[in-house]
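What follows is one structure encoded as structure tokens, with my remarks underneath.
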Amino acid sequence: MTRAVVSDTLARRIEERLDAGRRFFAADAERVARLCHRMAERFSRGGRLVALGSSPAARSDARHVAVEFVHPVIVGKRALPALALAGEGGPLPAQAELVCEPGDIVMAFGSEPDVSEALAAARERGCLSVAFSSGGAPAEWVLEPPSDDPFVRQELVETVYHVLWELVHVFFEHRGLLDGREAQAVHDTGASSFLYPFLAESESDVESVTEDVRRSAQMKADEVGALREQTLTEGREALTGAAADLRRCFEARGKLLALGNGGSATDAMDAVADFRAAPQGWPARRAIDLTEDPAILTAIANDIGVEEIFQRQVIAYGRSGDALLALSTSGNSVNVIEALAEAGSRGLVTVAMVGYDGGRVAAEELADHVVVTRSEHIPRIQEAQASAYHVLRELVELA
């Protein structure tokens, strides 16, 4: 794989992502803002978000949505009720029948028949329905990415549901804009004014607030576009080296271990799904998701400590000639650092994708290949990291 081939591939992949993001938000930013309003109304009346996913990749998105809403990573955001229904729980339509209630929001990932059937059942029950593909059961809100590339589509979908999560909170600050709630005194934005200045506007002007939310959604899309470009451009050498090492690992019958915490755990889940069965039809590669088994994770966390949940699994599964992919928004998570150290001592190739300034992982050179996404905004970091491991997956096949 020559430098010219890598440069050309990265340039094309960056432009595809920038173009898809520009086109989607130019056409649909207002619809995203209005959906935030509708979702806020449901949450304010006690509704929940129920995410559906059947395929391994779609399951990772459903899990990602649930953890973001239930465990907000941005200070000041409230926890909102959300859960994910995936294939391991049995047929999705049957799960939806048991779980979904009329005031809920149902968000469907993928267009597999069981996802479409579950979405249709939830909509009949009175749930607000959201889908990211028009190929399944009809949803009230379809937000379809303008790309045929499955990786680009998934990355854009992640940006959209992150933006929905971030901006749904704006409408809670305007109680008079939520159906069934009384208008209250205008919110004092205080220290938040530089982030969301429109929070101090009139309670009764829904169109004005919606327009400001639309602009904020567009700003977030522009931000992640620039961050994807920075990550893939500055990370070119690390991604190229990692791809070559992974290709050698796979050709020698080695395997990839992947890990992360919270939203990064769902990204590890997605990366493993892509290596095992890439939607492009590339050869299946051996990979293990170290976040997958809750019995192992909770046993180690309970009996030894959360710091060891990945390190103990590296001891169990890692062999010289294998590889480890670590995803962390901070680069400072102790359990990630301990896993990288254990992997290095056992002769595994180590790849880390980190945010902020790279944290300890970058400063102490704790991985063989480090890709840094230079941002302090966790949703944007995760979105750019998705581009990085998707491009890595492609480069493995070009290596």
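Identifiers for the structure tokens are assigned positionally: chains receive A, B, ... in sequence, residues are indexed from 1 per chain, and ligands are indexed from 1 in the order shown.
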Stretch 241-312 of chain A: residues DSSP assigns to strand (DSSP E), reported as number ranges by chain = A: 256-259, 287-289
Can you pull out every residue within 9 Å of A:Val391, counting only C-alpha atoms, but drop anything in the same chain fewer than 4 positions away, and send it as a PyMOL selection string?
-> chain A and resi 9-10+13+151+232+239+386-387+395-396
Can you work out which one of A:His162, A:Arg153, A:Arg123, A:His390 has the shortest atom-to-atom distance to A:Ala139, counting only C-alpha atoms?
->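 Of all the options, A:Arg123 lies closest to A:Ala139.
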Within 9 Å of A:Asp28, counting only C-alpha atoms, which residues show up once you throw out same-chain ones fewer than 4 positions away? Write them as a ChimeraX atom specification, please.
-> /A:23-24,32-33,143,214
Sel. of helix (DSSP H, G or I) residues, stretch 57-136 of chain A, as number ranges by chain = A: 57-70, 87-89, 92-99, 113-124
Interatomic distance between atom CA of A:Val163 and atom CA of A:Asp148?
-> 21.9 Å
Looking at only C-alpha atoms, which of A:Gly254, A:Glu41, A:Thr266, A:Leu35 is the one that sits closest to A:Ala84?
-> A:Thr266
Can you pull out every residue within 9 Å of A:Glu97, counting only C-alpha atoms, but drop anything in the same chain fewer than 5 positions away, and send it as a PyMOL selection string?
-> chain A and resi 92+118+121-122+125
Output file for the residues above (C-alpha atoms, as a tab-separated table (two decimals), in the first residue's frame):
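The result, written out as part26.tsv:
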```tsv
chain	number	residue	atom	x	y	z
A	92	LEU	CA	-37.74	-7.73	18.31
A	118	ALA	CA	-41.31	-3.96	15.76
A	121	ALA	CA	-46.17	-2.42	16.26
A	122	ALA	CA	-44.82	0.42	18.39
A	125	ARG	CA	-49.49	1.53	20.04
```
Write out as an MDAnalysis selection string which residues come within 7 Å of A:Arg276 when counting only C-alpha atoms, dropping same-chain ones fewer than 2 positions away.
-> chainID A and resid 272:274 278 284:287
Between A:Gly76, A:Gly89, A:Pro138, A:Gly359, which one has atoms that come closest to A:Ala120, using only C-alpha atoms?
->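 For A:Ala120, the nearest of the given residues is A:Pro138.
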Would you list the contacts of A:Ile14 as a list in words, taking every protein, DNA or RNA residue within 10 Å and counting only C-alpha atoms, but skipping same-chain residues closer than 5 positions in sequence?
->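 Residues near the query, excluding close chain neighbours: Asp8, Thr9, Asp19, Val152, Gly225, Ala226, Arg228, Glu229, Gln230, Thr231, Leu232, Thr233, Ser387 and Val391 of chain A.
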Which neighbours of A:Ala82 fall inside 9 Å, counting only C-alpha atoms, when residues of the same chain fewer than 4 positions from it are skipped, and could you give them as a list in words?
->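 Non-adjacent residues within range: Arg48, Leu49, Val50, Ala51, Val65, Ala66, Val67, Glu68, Phe69 and Val70 of chain A.
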For N, CA and C atoms, I'd like the residues from the last selection saved as an mmCIF file, in the first residue's frame.
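Final output, saved to again13.cif:
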```
data_model
loop_
_atom_site.group_PDB
_atom_site.id
_atom_site.type_symbol
_atom_site.label_atom_id
_atom_site.label_comp_id
_atom_site.auth_asym_id
_atom_site.auth_seq_id
_atom_site.Cartn_x
_atom_site.Cartn_y
_atom_site.Cartn_z
ATOM 1 N N ARG A 48 -40.430 7.370 27.327
ATOM 2 C CA ARG A 48 -39.069 6.853 27.279
ATOM 3 C C ARG A 48 -38.622 6.744 25.825
ATOM 4 N N LEU A 49 -37.322 6.668 25.636
ATOM 5 C CA LEU A 49 -36.776 6.373 24.318
ATOM 6 C C LEU A 49 -36.458 4.883 24.262
ATOM 7 N N VAL A 50 -37.009 4.194 23.277
ATOM 8 C CA VAL A 50 -36.737 2.775 23.072
ATOM 9 C C VAL A 50 -36.044 2.633 21.721
ATOM 10 N N ALA A 51 -34.795 2.170 21.726
ATOM 11 C CA ALA A 51 -34.023 2.023 20.493
ATOM 12 C C ALA A 51 -34.023 0.565 20.057
ATOM 13 N N VAL A 65 -27.289 4.928 21.710
ATOM 14 C CA VAL A 65 -28.352 5.880 22.018
ATOM 15 C C VAL A 65 -28.787 5.747 23.479
ATOM 16 N N ALA A 66 -29.009 4.528 23.920
ATOM 17 C CA ALA A 66 -29.511 4.324 25.281
ATOM 18 C C ALA A 66 -28.538 4.852 26.323
ATOM 19 N N VAL A 67 -27.258 4.559 26.169
ATOM 20 C CA VAL A 67 -26.301 4.992 27.191
ATOM 21 C C VAL A 67 -26.134 6.505 27.182
ATOM 22 N N GLU A 68 -26.228 7.152 26.017
ATOM 23 C CA GLU A 68 -26.083 8.606 25.974
ATOM 24 C C GLU A 68 -27.232 9.297 26.705
ATOM 25 N N PHE A 69 -28.458 8.823 26.514
ATOM 26 C CA PHE A 69 -29.606 9.465 27.154
ATOM 27 C C PHE A 69 -29.654 9.169 28.653
ATOM 28 N N VAL A 70 -29.331 7.949 29.042
ATOM 29 C CA VAL A 70 -29.433 7.572 30.454
ATOM 30 C C VAL A 70 -28.272 8.127 31.268
#
```
Of the candidates A:Glu15, A:Glu173, A:Asp114, A:Glu158, which one gets nearest to A:His37 if we count only C-alpha atoms?
->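 Looking only at the distances to A:His37, the closest residue turns out to be A:Glu173.
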Please, what distance in Å, to one decimal, runs between atom CA of A:Met269 and atom CA of A:Arg42?
->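 Spanning atom CA of A:Met269 to atom CA of A:Arg42 is a straight-line distance of 29.5 Å.
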